[in-house]
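Visitor: Let me begin by handing over the structure; questions about it come next.
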2 protein chains.
Amino acid sequence: MNSKGSGRRRFLKDGAALAGLTVGAVRAASAIPGADASELRPNDPHAYGERSRFEDSTIRIGSLGRWTGISDFGFRTPLQESVGVITPPSLHYIVSHGYDPPDIDPRQHRLLIHGMVDRPLILTMDDLGRLPSVSRTHFLECNANSAPFSGPAGAARVAPTATIQQTHGLTSCSEWTGVPVSLLLEKVGVQTGAAWLIAEGSEAGEHTKSIPLEKAMDDLLVAYGQNGEALRPEQGYPLRLLVPGWEGINNVKWLRRIKVVDKPYMGMRESTKYPSLRMDGKARWFQFEMGPKSVITRPSGGQRLTGPGFYEITGLAWSGAGAIRRVEVSTDGGRSWKDAELQGPVHPKAHTRFGLGWNWDGREAVLQTRSTDERGEVQPTIEELAKIWRVELDYFRSTSNIVGHFNAIQPWEVGRDGSVRNALF
Amino acid sequence: MNSKGSGRRRFLKDGAALAGLTVGAVRAASAIPGADASELRPNDPHAYGERSRFEDSTIRIGSLGRWTGISDFGFRTPLQESVGVITPPSLHYIVSHGYDPPDIDPRQHRLLIHGMVDRPLILTMDDLGRLPSVSRTHFLECNANSAPFSGPAGAARVAPTATIQQTHGLTSCSEWTGVPVSLLLEKVGVQTGAAWLIAEGSEAGEHTKSIPLEKAMDDLLVAYGQNGEALRPEQGYPLRLLVPGWEGINNVKWLRRIKVVDKPYMGMRESTKYPSLRMDGKARWFQFEMGPKSVITRPSGGQRLTGPGFYEITGLAWSGAGAIRRVEVSTDGGRSWKDAELQGPVHPKAHTRFGLGWNWDGREAVLQTRSTDERGEVQPTIEELAKIWRVELDYFRSTSNIVGHFNAIQPWEVGRDGSVRNALF
C-alpha cells in the first residue's frame with residue numbers, strides 16, 4: 001500500500017540516503033536507558049509470556065511415523081485447533097530439507113544484492129530497519145501440502161484416520177513485515193536484459209531459488225518481522241524472502257544474497273522434487289502459484305461430535321492468485337452447496353476464515369467446501385484434478401508418486417457415532 | 001461481519017440447539033488418533049517454537065523502579081521493537097491490579113449468563129467452541145496509558161529519558177476470536193427494563209465491570225482466541241470479555257459470569273481510580289471510549305540515530321471511535337505537517353501502522369504525529385488537552401495526580417548527537 005508512496009520516492013530520489021544506510025541503525029541502540037540490568041530479570045514469570053499448561057498443541061505429531069529431526073517431512077501446523085487467520089509463530093509449519101536453522105547473530109548478518117545491477121549493495125539488518133517498510137498478511141504453503149507422496153507422511157495422508165494436521169498442515173498465515181524488493185532493485189539499478197533473481201539462504205544447504213523479476217517487482221518482500229516480532233529461527237531469522245501466493249520453497253529463509261540474472265538457474269530445488277512429473281513422463285517446471293483451496297478445520301478428521309445439535313462448520317480458504325471471493329459448503333457429499341460467510345477483512349493471498357451454521361441430525365454426513373478466488377478459479381474435486389493432470393485417480397492414491405499443487409476438495413465423513421474421518425479416497 | 005449472518009440465524013431459530021450445546025464438544029475430542037504418546041515428545045526442539053537467543057525484548061522493564069510481581073504498575077509492551085500491527089501474545093501488556101492469573105482448567109471452566117433474562121445459561125468452553133465465531137483485530141489500552149500518575153511509573157513517564165515502552169506501553173493489538181455477546185443475549189432472552197451487564201472474572205479479586213447493554217449488543221465478544229491460539233493466562237485464559245475501543249479495564253479476564261441488570265453497579269473499579277477526578281473536585285464517571293491517539297515508535301525515546309541520512313519515521317495510531325483516517329507527521333516541532341502513509345487494511349478500533357520517509361540533516365529536530373479518526377476527531381496537543389480538561393499544564397506534570405485518557409501528541413526530540421529524548425514537558 002505505501003510501497004509506492006512518498007517514503008519510497010524520498011528514499012529513491014535522495015542520493016545521500018545510501019551513504020547513510022551503511023552508517024548504522026536505530027535498532028541496535030534501542031536498549032532501554034536507565035534500566036538496571038540486575039532488575040531486568042528476563043527469566044521472571046511474565047517477562048515473555050508462555051501459554052497455559054493446559055494447551056499442548058505442537059507442530060510435531062507422532063502418527064506420521066518416525067520423526068528424527070527437522071529433516072523429516074515437515075512440521076505441520078495443528079489446523080484443527082486454529083482460530084482466526086493468524087498462525088502463532090511457534091506453530092508455523094516448517095520444511096527445511098534436512099537443515100536445522102543456522103544460529104545467526106543479526107549484527108553480523110548481511111544481505112548482498114548484486115549481479116546485473118549498476119550499484120551492488122550490502123545491507124545490514126540495521127540498514128534494512130531504516131528503510132520504508134510494509135506489513136502484509138499472507139499464507140505460506142508447501143507445494144506438497146495435502147498430497148500423498150512417498151514415505152510414511154503420504155501413507156498417513158491417505159488413511160481414513162488422517163487429521164487435518166496431516167492432510168493440510170503444511171500451510172500457515174502471518175502478518176509479515178519487511179522492505180519491498182522492488183525498492184531495493186530500483187536502488188541498485190537493474191540492467192537491461194535482466195529477467196530473474198536468484199535468492200540464496202545461509203543454512204548449510206545454501207538453498208537457492210530462481211524467481212522471475214516481474215514477480216519480484218510486484219510484491220516480494222525481504223521480511224524481518226512476523227506477527228509483530230522478529231522472525232523465528234525456523235522461519236529464517238533474521239531475514240527471509242517472502243513470495244506471496246507462490247510455493248513455499250520460493251520463500252528463501254536466512255536470506256543472504258539476491259543475484260540479478262538473465263535466466264533461471266537450475267538449482268537443486270528447481271531440478272529435483274519440485275517439478276511435477278506427469279504420467280506421460282514429462283514434467284511441469286517452474287510452476288509457482290498455489291491454486292484456490294479450502295478445508296474445514298472444525299469438525300475435521302479425528303474429532304468427534306458428541307451428539308446431534310448445532311455446530312458451526314468453520315475453516316480456512318486461500319489462493320495464490322489473490323483474494324478469496326466465495327466459499328461454498330456441502331453437508332451432503334457435494335449434492336447441494338450453501339455459501340459460507342467470509343470473515344473480513346479478506347486479505348489477498350492470505351488464509352480467509354469462513355463459517356456456516358449446521359444442525360447435525362445424527363445421521364451420516366459428508367462435509368466439504370470449495371473456494372473461488374478473485375480470478376474466478378474454482379477449487380476442483382479430486383476427479384476434476386485428475387482430468388486436469390491427465391492422470392487416473394489411482395495416481396493420487398499411490399504414496400509412491402510425488403504430487404505437488406494438490407488442491408482438491410477435502411471431504412470429511414461424519415459417522416453416526418459422531419466420529420469424523422478422512423473421506424478423500 | 002458474519003455475526004448477523006445465516007450461522008447466527010440458524011443458531012437462534014433452532015430450539016434444539018441449546019440442548020445440543022450442553023452435551024459436549026468437538027474440541028475435547030480432538031486428540032490425534034493413532035498418535036503414539038511416546039512419539040509426541042512435546043519438549044523436542046521445534047515442537048512449539050521459540051524465538052532466537054538474540055532477541056530479548058520483555059514486557060518487564062527495570063527502569064520503572066521496583067518490580068515485585070504482576071501487581072505493579074503494569075507490564076508494558078516494548079513498542080520500540082514493534083513491527084506491523086499485531087502484538088505477540090508473549091509481549092502483550094498486562095494490568096491485573098495485584099492478581100496473578102488463576103490456573104484454570106478449561107474443562108472445568110463455565111460461563112454463567114443470568115439476571116434479567118428469560119432462560120439463564122451455563123456454557124462450557126466446548127459449548128462456546130460450537131457456536132458461530134468471529135475474529136477481529138482490535139487494540140486494548142489501559143486508560144492510564146501515557147499519563148503520569150502517582151508512583152515511580154509516573155516519574156519515569158515524565159522524564160526526558162522515558163522510552164516509548166514507558167510512555168505508551170500499556171496498549172497492544174491482537175486478532176481476537178470468540179462469540180458475539182449479542183448472540184448469547186438473544187439466546188437467553190433479555191427482559192424489558194434491562195440496560196446494563198455486569199461482567200465478573202475468576203481471579204482472586206473477582207474483578208467486575210458494568211457495561212451498557214447497547215455496547216454489548218454492538219460489538220462485544222466473549223473471546224477464547226488471540227492471534228490464532230488460546231488466550232495466554234495473563235490475557236484471561238480460557239475466556240475474556242472483549243470490549244473494542246473502550247478502556248482496558250472493561251475487558252474482564254478469566255470471565256465466568258455475565259449478569260444482565262437494570263443499572264450499573266458501583267464496583268471497585270467504577271468507584272475508585274477509574275473515574276477521572278477534575279480540578280474542581282468533580283469527576284467523570286463511566287468514561288469508556290479511548291480517544292484518537294498516535295505515537296512514533298521509531299525513532300523514539302532512548303534510541304539513537306547514528307548519522308544524517310534517510311530514516312523511515314514509523315509508528316502506530318488508533319482510536320476507540322473506529323478506524324484511523326489520517327496521520328500527520330511533523331519533523332519541526334509542530335510548525336508544519338505532512339501526511340504519513342497508512343498501511344492497510346486499516347481495521348476499526350485497531351492499531352494502524354503508518355510511515356513517512358525522512359532525511360535527517362544532522363540538526364536538532366522534534367518529531368511528532370497527530371491522528372484523525374473516522375469520526376473526524378483529532379488528537380490534541382497537551383495544551384489543548386489541558387483546556388478540554390479545564391486544568392493547568394502543571395496538572396499533567398505532577399506525578400501525584402491520577403490522569404486517565406491522556407491522548408496528547410507525543411514529541412520526540414532528536415539531538416545533534418542523534419539521541420532521542422522525550423520532549424512532552
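Chain labels A, B, ... are given in the sequence in which chains occur in the C-alpha cells; within each chain residues are numbered consecutively from 1, and ligands are likewise numbered from 1 in the order shown.
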Check the DSSP output for the backbone and give back, as a ChimeraX atom specification, the residues of stretch 63-301 of chain A in helix (DSSP H, G or I).

Guide: /A:63-64,79-81,89-91,125-130,152-158,164-168,181-188,213-219,233-235,248-250,268-271

Visitor: Can you list, as a PyMOL selection string, every protein, DNA or RNA residue that comes within 12 Å of stretch 96-105 of chain B when you count only C-alpha atoms, leaving out same-chain residues fewer than 4 positions away?

Guide: (chain A and resi 45-46+49-55) or (chain B and resi 67-75+109-110+124-125+142+170+201-207+231-239+248-256+268-269+273)

Visitor: Could you please take those selected residues and save C-alpha atoms as a PDB file, in the first residue's frame?

Guide:
```pdb
ATOM      1  CA  PRO A  45       7.391 -15.005  35.013  1.00  0.00           C
ATOM      2  CA  HIS A  46       5.521 -12.736  32.605  1.00  0.00           C
ATOM      3  CA  GLY A  49       4.719 -14.849  28.389  1.00  0.00           C
ATOM      4  CA  GLU A  50       4.025 -18.505  27.835  1.00  0.00           C
ATOM      5  CA  ARG A  51       0.842 -20.386  27.073  1.00  0.00           C
ATOM      6  CA  SER A  52      -1.304 -22.179  29.620  1.00  0.00           C
ATOM      7  CA  ARG A  53      -0.093 -25.532  30.873  1.00  0.00           C
ATOM      8  CA  PHE A  54      -3.402 -26.928  29.613  1.00  0.00           C
ATOM      9  CA  GLU A  55      -2.514 -26.106  25.997  1.00  0.00           C
TER      10      GLU A  55
ATOM     11  CA  TRP B  67       9.030  -4.693  40.118  1.00  0.00           C
ATOM     12  CA  THR B  68       7.903  -7.323  42.542  1.00  0.00           C
ATOM     13  CA  GLY B  69       5.235  -9.031  40.543  1.00  0.00           C
ATOM     14  CA  ILE B  70       2.256  -8.707  38.337  1.00  0.00           C
ATOM     15  CA  SER B  71       0.647  -6.401  40.881  1.00  0.00           C
ATOM     16  CA  ASP B  72       2.833  -3.467  39.933  1.00  0.00           C
ATOM     17  CA  PHE B  73       2.013  -0.702  37.529  1.00  0.00           C
ATOM     18  CA  GLY B  74       1.565  -2.907  34.560  1.00  0.00           C
ATOM     19  CA  PHE B  75       3.812  -4.812  32.236  1.00  0.00           C
ATOM     20  CA  HIS B 109     -14.498 -23.550  33.310  1.00  0.00           C
ATOM     21  CA  ARG B 110     -18.076 -22.322  32.974  1.00  0.00           C
ATOM     22  CA  THR B 124     -18.685 -24.840  28.883  1.00  0.00           C
ATOM     23  CA  MET B 125     -15.690 -23.896  26.742  1.00  0.00           C
ATOM     24  CA  CYS B 142      -5.265   0.839  29.755  1.00  0.00           C
ATOM     25  CA  LEU B 170       0.046  -0.055  28.009  1.00  0.00           C
ATOM     26  CA  GLY B 201     -13.738 -12.542  36.436  1.00  0.00           C
ATOM     27  CA  SER B 202     -12.492 -15.677  38.199  1.00  0.00           C
ATOM     28  CA  GLU B 203      -9.318 -14.287  39.740  1.00  0.00           C
ATOM     29  CA  ALA B 204      -8.911 -13.832  43.487  1.00  0.00           C
ATOM     30  CA  GLY B 205     -10.029 -10.208  43.210  1.00  0.00           C
ATOM     31  CA  GLU B 206     -13.208 -11.094  41.322  1.00  0.00           C
ATOM     32  CA  HIS B 207     -12.961  -8.009  39.140  1.00  0.00           C
ATOM     33  CA  LEU B 231      -5.629 -16.787  25.152  1.00  0.00           C
ATOM     34  CA  ARG B 232      -2.492 -16.565  27.225  1.00  0.00           C
ATOM     35  CA  PRO B 233      -3.024 -16.963  31.000  1.00  0.00           C
ATOM     36  CA  GLU B 234      -2.212 -13.277  31.544  1.00  0.00           C
ATOM     37  CA  GLN B 235      -4.852 -12.341  28.971  1.00  0.00           C
ATOM     38  CA  GLY B 236      -7.692 -14.228  30.633  1.00  0.00           C
ATOM     39  CA  TYR B 237      -7.280 -17.893  29.707  1.00  0.00           C
ATOM     40  CA  PRO B 238      -9.565 -19.532  28.844  1.00  0.00           C
ATOM     41  CA  LEU B 239     -12.138 -16.740  28.331  1.00  0.00           C
ATOM     42  CA  GLY B 248      -8.843  -1.884  29.064  1.00  0.00           C
ATOM     43  CA  ILE B 249     -10.480  -2.329  32.463  1.00  0.00           C
ATOM     44  CA  ASN B 250     -13.738  -3.290  30.728  1.00  0.00           C
ATOM     45  CA  ASN B 251     -12.205  -6.321  29.065  1.00  0.00           C
ATOM     46  CA  VAL B 252     -12.814  -8.628  32.019  1.00  0.00           C
ATOM     47  CA  LYS B 253     -10.359 -11.534  32.055  1.00  0.00           C
ATOM     48  CA  TRP B 254     -10.969 -15.097  33.268  1.00  0.00           C
ATOM     49  CA  LEU B 255     -14.642 -14.321  32.571  1.00  0.00           C
ATOM     50  CA  ARG B 256     -17.080 -16.549  34.462  1.00  0.00           C
ATOM     51  CA  MET B 268     -14.444  -1.249  42.933  1.00  0.00           C
ATOM     52  CA  ARG B 269     -13.078  -0.197  39.553  1.00  0.00           C
ATOM     53  CA  LYS B 273      -9.223   5.159  40.292  1.00  0.00           C
TER      54      LYS B 273
END
```

Visitor: What lies within 7 Å of stretch 184-200 of chain B using only C-alpha atoms, ignoring chain neighbours under 5 positions off, as a PyMOL selection string?

Guide: chain B and resi 12+116-121+206-213+252+255-264

Visitor: Those residues you just picked out, can you put them in a file as a CSV table (one decimal), in the first residue's frame with N, CA and C atoms?

Guide:
```csv
chain,number,residue,atom,x,y,z
B,12,LEU,N,-30.0,-19.2,16.4
B,12,LEU,CA,-31.0,-18.6,17.2
B,12,LEU,C,-32.4,-19.2,17.0
B,116,MET,N,-31.6,-10.5,34.5
B,116,MET,CA,-32.9,-10.2,33.8
B,116,MET,C,-33.0,-10.8,32.4
B,117,VAL,N,-33.0,-12.2,32.5
B,117,VAL,CA,-33.1,-12.9,31.2
B,117,VAL,C,-34.2,-14.0,31.4
B,118,ASP,N,-34.7,-14.4,30.3
B,118,ASP,CA,-35.8,-15.4,30.3
B,118,ASP,C,-35.2,-16.9,30.5
B,119,ARG,N,-34.0,-17.1,30.0
B,119,ARG,CA,-33.5,-18.5,30.0
B,119,ARG,C,-32.0,-18.5,30.4
B,120,PRO,N,-31.7,-18.4,31.7
B,120,PRO,CA,-30.3,-18.4,32.1
B,120,PRO,C,-29.6,-19.6,31.5
B,121,LEU,N,-28.3,-19.4,31.4
B,121,LEU,CA,-27.5,-20.4,30.6
B,121,LEU,C,-26.1,-20.6,31.2
B,206,GLU,N,-11.9,-11.1,41.9
B,206,GLU,CA,-13.2,-11.1,41.3
B,206,GLU,C,-13.6,-9.8,40.7
B,207,HIS,N,-12.7,-9.3,39.8
B,207,HIS,CA,-13.0,-8.0,39.1
B,207,HIS,C,-14.3,-8.0,38.5
B,208,THR,N,-15.1,-6.9,38.7
B,208,THR,CA,-16.4,-6.8,38.0
B,208,THR,C,-16.4,-5.5,37.2
B,209,LYS,N,-17.2,-5.4,36.2
B,209,LYS,CA,-17.3,-4.2,35.4
B,209,LYS,C,-18.7,-4.0,34.9
B,210,SER,N,-19.2,-2.8,34.9
B,210,SER,CA,-20.6,-2.5,34.4
B,210,SER,C,-20.4,-2.0,32.9
B,211,ILE,N,-21.2,-2.6,32.0
B,211,ILE,CA,-21.1,-2.2,30.6
B,211,ILE,C,-22.5,-2.0,30.1
B,212,PRO,N,-22.8,-0.9,29.4
B,212,PRO,CA,-24.1,-0.7,28.8
B,212,PRO,C,-24.6,-1.8,27.9
B,213,LEU,N,-25.8,-2.2,27.9
B,213,LEU,CA,-26.3,-3.2,27.1
B,213,LEU,C,-26.2,-2.9,25.6
B,252,VAL,N,-13.0,-7.7,30.9
B,252,VAL,CA,-12.8,-8.6,32.0
B,252,VAL,C,-12.2,-10.0,31.6
B,255,LEU,N,-13.2,-14.6,32.5
B,255,LEU,CA,-14.6,-14.3,32.6
B,255,LEU,C,-15.4,-15.6,33.0
B,256,ARG,N,-16.3,-15.4,34.0
B,256,ARG,CA,-17.1,-16.5,34.5
B,256,ARG,C,-18.5,-16.2,34.6
B,257,ARG,N,-18.9,-14.9,34.5
B,257,ARG,CA,-20.3,-14.6,34.8
B,257,ARG,C,-20.7,-13.3,34.1
B,258,ILE,N,-21.8,-13.3,33.4
B,258,ILE,CA,-22.4,-12.1,32.9
B,258,ILE,C,-23.8,-12.0,33.4
B,259,LYS,N,-24.1,-10.9,34.2
B,259,LYS,CA,-25.4,-10.7,34.8
B,259,LYS,C,-26.0,-9.5,34.1
B,260,VAL,N,-27.2,-9.7,33.6
B,260,VAL,CA,-28.0,-8.7,33.0
B,260,VAL,C,-28.8,-7.9,34.0
B,261,VAL,N,-28.6,-6.6,34.1
B,261,VAL,CA,-29.2,-5.8,35.2
B,261,VAL,C,-29.8,-4.6,34.6
B,262,ASP,N,-30.5,-3.8,35.5
B,262,ASP,CA,-31.2,-2.6,35.0
B,262,ASP,C,-30.3,-1.3,35.2
B,263,LYS,N,-29.3,-1.4,36.0
B,263,LYS,CA,-28.4,-0.2,36.1
B,263,LYS,C,-27.0,-0.6,36.5
B,264,PRO,N,-26.1,0.3,36.3
B,264,PRO,CA,-24.7,-0.1,36.6
B,264,PRO,C,-24.4,-0.3,38.1
```

Visitor: Using only C-alpha atoms, which residue out of B:Leu242, B:Ala147, B:Val295, B:Leu342 lies closest to chain A?

Guide: B:Leu342

Visitor: What is the atom CA of B:Ser133 to atom CA of B:Thr177 distance in Å?

Guide: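 Those two atoms sit 6.7 Å apart.
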
Visitor: May I have the residues within 7 Å of stretch 367-379 of chain A as a list in words, using only C-alpha atoms and disregarding those fewer than 2 positions away in the same chain?

Guide: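 Returned residues: Pro292, Lys293, Ser294, Val295, Ile296, Ala317, Ser319, Ala321, Gly322, Ala323, Ile324, Arg325, Arg326, Val327, Glu328, Val329, Ser330, Thr331, Asp332, Gly333, Ala365, Thr381, Asn407, Ala408, Ile409, Gln410, Pro411, Trp412 and Glu413 of chain A.
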
Visitor: Work out how far apart atom CA of B:His351 and atom CA of A:Gly355 are and give it in Å to one decimal.

Guide: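 About the pair atom CA of B:His351 and atom CA of A:Gly355: they are 25.7 Å apart.
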
Visitor: Kindly indicate which residue among B:Ile313, B:Leu393, B:Leu385, B:Ala144 lies nearest to B:Trp358, using only C-alpha atoms for the distances.

Guide: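 Closest residue, counting only C-alpha atoms: B:Ile313.
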
Visitor: Can you list, as a PDB file with C-alpha atoms, in the first residue's frame, all residues belonging to stretch 117-320 of chain B that DSSP tags as strand (DSSP E)?

Guide:
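Output contents, as saved in selection_21.pdb:
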```pdb
ATOM      1  CA  LEU B 121     -27.499 -20.365  30.581  1.00  0.00           C
ATOM      2  CA  ILE B 122     -24.334 -22.117  31.678  1.00  0.00           C
ATOM      3  CA  LEU B 123     -21.796 -22.675  28.910  1.00  0.00           C
ATOM      4  CA  THR B 124     -18.685 -24.840  28.883  1.00  0.00           C
ATOM      5  CA  VAL B 134     -15.894 -14.114  14.673  1.00  0.00           C
ATOM      6  CA  SER B 135     -12.290 -12.918  14.546  1.00  0.00           C
ATOM      7  CA  ARG B 136     -11.465  -9.234  14.742  1.00  0.00           C
ATOM      8  CA  THR B 137      -8.291  -7.217  15.108  1.00  0.00           C
ATOM      9  CA  HIS B 138      -8.577  -4.731  17.987  1.00  0.00           C
ATOM     10  CA  PHE B 139      -6.291  -2.770  20.268  1.00  0.00           C
ATOM     11  CA  LEU B 140      -6.557  -2.836  24.037  1.00  0.00           C
ATOM     12  CA  GLU B 141      -5.364   0.144  26.042  1.00  0.00           C
ATOM     13  CA  THR B 171      -1.522  -0.701  24.616  1.00  0.00           C
ATOM     14  CA  SER B 172      -1.319  -3.785  22.393  1.00  0.00           C
ATOM     15  CA  CYS B 173      -3.221  -5.176  19.429  1.00  0.00           C
ATOM     16  CA  SER B 174      -4.332  -8.706  18.556  1.00  0.00           C
ATOM     17  CA  GLU B 175      -6.594 -10.757  16.357  1.00  0.00           C
ATOM     18  CA  TRP B 176      -9.254 -11.876  18.844  1.00  0.00           C
ATOM     19  CA  THR B 177     -11.625 -14.787  18.211  1.00  0.00           C
ATOM     20  CA  GLY B 178     -14.816 -15.524  20.091  1.00  0.00           C
ATOM     21  CA  VAL B 179     -18.591 -15.463  20.163  1.00  0.00           C
ATOM     22  CA  PRO B 180     -20.574 -12.219  19.838  1.00  0.00           C
ATOM     23  CA  TRP B 196     -26.524  -2.982  31.682  1.00  0.00           C
ATOM     24  CA  LEU B 197     -24.301  -6.034  32.010  1.00  0.00           C
ATOM     25  CA  ILE B 198     -22.116  -6.868  34.963  1.00  0.00           C
ATOM     26  CA  ALA B 199     -19.131  -8.974  33.894  1.00  0.00           C
ATOM     27  CA  GLU B 200     -17.148 -10.879  36.511  1.00  0.00           C
ATOM     28  CA  GLY B 201     -13.738 -12.542  36.436  1.00  0.00           C
ATOM     29  CA  THR B 208     -16.358  -6.791  37.972  1.00  0.00           C
ATOM     30  CA  LYS B 209     -17.304  -4.159  35.427  1.00  0.00           C
ATOM     31  CA  SER B 210     -20.576  -2.548  34.372  1.00  0.00           C
ATOM     32  CA  ILE B 211     -21.127  -2.216  30.626  1.00  0.00           C
ATOM     33  CA  PRO B 212     -24.130  -0.713  28.849  1.00  0.00           C
ATOM     34  CA  LEU B 221     -17.167 -10.696  22.222  1.00  0.00           C
ATOM     35  CA  VAL B 222     -16.512 -13.438  24.713  1.00  0.00           C
ATOM     36  CA  ALA B 223     -13.073 -14.249  23.356  1.00  0.00           C
ATOM     37  CA  TYR B 224     -11.162 -17.502  23.647  1.00  0.00           C
ATOM     38  CA  GLY B 225      -8.606 -16.967  20.887  1.00  0.00           C
ATOM     39  CA  GLN B 226      -5.758 -14.494  20.426  1.00  0.00           C
ATOM     40  CA  GLU B 229      -4.324 -19.812  19.600  1.00  0.00           C
ATOM     41  CA  ALA B 230      -5.892 -19.927  23.031  1.00  0.00           C
ATOM     42  CA  ARG B 240     -12.266 -12.959  28.473  1.00  0.00           C
ATOM     43  CA  LEU B 241     -14.627 -10.208  27.551  1.00  0.00           C
ATOM     44  CA  LEU B 242     -13.565  -8.084  24.613  1.00  0.00           C
ATOM     45  CA  LEU B 255     -14.642 -14.321  32.571  1.00  0.00           C
ATOM     46  CA  ARG B 256     -17.080 -16.549  34.462  1.00  0.00           C
ATOM     47  CA  ARG B 257     -20.284 -14.570  34.754  1.00  0.00           C
ATOM     48  CA  ILE B 258     -22.406 -12.059  32.862  1.00  0.00           C
ATOM     49  CA  LYS B 259     -25.378 -10.719  34.774  1.00  0.00           C
ATOM     50  CA  VAL B 260     -27.995  -8.673  32.953  1.00  0.00           C
ATOM     51  CA  VAL B 261     -29.240  -5.833  35.174  1.00  0.00           C
ATOM     52  CA  SER B 276     -11.324  10.958  36.245  1.00  0.00           C
ATOM     53  CA  LEU B 277     -11.039  13.496  39.023  1.00  0.00           C
ATOM     54  CA  ALA B 283     -15.157  13.557  38.497  1.00  0.00           C
ATOM     55  CA  ARG B 284     -16.096  11.955  35.213  1.00  0.00           C
ATOM     56  CA  LYS B 293      -4.001   8.711  19.558  1.00  0.00           C
ATOM     57  CA  SER B 294      -0.733   8.089  17.773  1.00  0.00           C
ATOM     58  CA  VAL B 295       2.944   7.796  18.561  1.00  0.00           C
ATOM     59  CA  ILE B 296       6.177   7.368  16.637  1.00  0.00           C
ATOM     60  CA  THR B 297       7.671   4.012  17.588  1.00  0.00           C
ATOM     61  CA  ARG B 298      10.910   4.522  15.638  1.00  0.00           C
ATOM     62  CA  GLY B 309      20.627  10.319   6.114  1.00  0.00           C
ATOM     63  CA  PHE B 310      17.423   8.531   5.335  1.00  0.00           C
ATOM     64  CA  TYR B 311      15.189   7.144   8.070  1.00  0.00           C
ATOM     65  CA  GLU B 312      11.643   5.914   7.874  1.00  0.00           C
ATOM     66  CA  ILE B 313       9.575   7.516  10.634  1.00  0.00           C
ATOM     67  CA  THR B 314       7.116   4.816  11.629  1.00  0.00           C
ATOM     68  CA  GLY B 315       4.584   4.347  14.367  1.00  0.00           C
ATOM     69  CA  LEU B 316       1.082   3.392  15.437  1.00  0.00           C
ATOM     70  CA  ALA B 317      -2.250   5.209  15.536  1.00  0.00           C
ATOM     71  CA  TRP B 318      -5.571   4.078  16.989  1.00  0.00           C
TER      72      TRP B 318
END
```

Visitor: So what do you get for atom CA of A:Arg157 versus atom CA of A:Val391, distance-wise?

Guide: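 So the answer is 19.3 Å.
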
Visitor: A:Ala159, A:Leu112, A:Met290, A:Leu356: which is nearest chain B, counting only C-alpha atoms?

Guide: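 That would be A:Leu356, the residue with the smallest distance to chain B.
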
Visitor: Given the choices B:Gly418, B:Pro348, B:Gly228, B:Gly267, which gets closest to chain A if the distance is worked out from only C-alpha atoms?

Guide: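 Looking at the shortest contact to chain A, the residue is B:Gly228.
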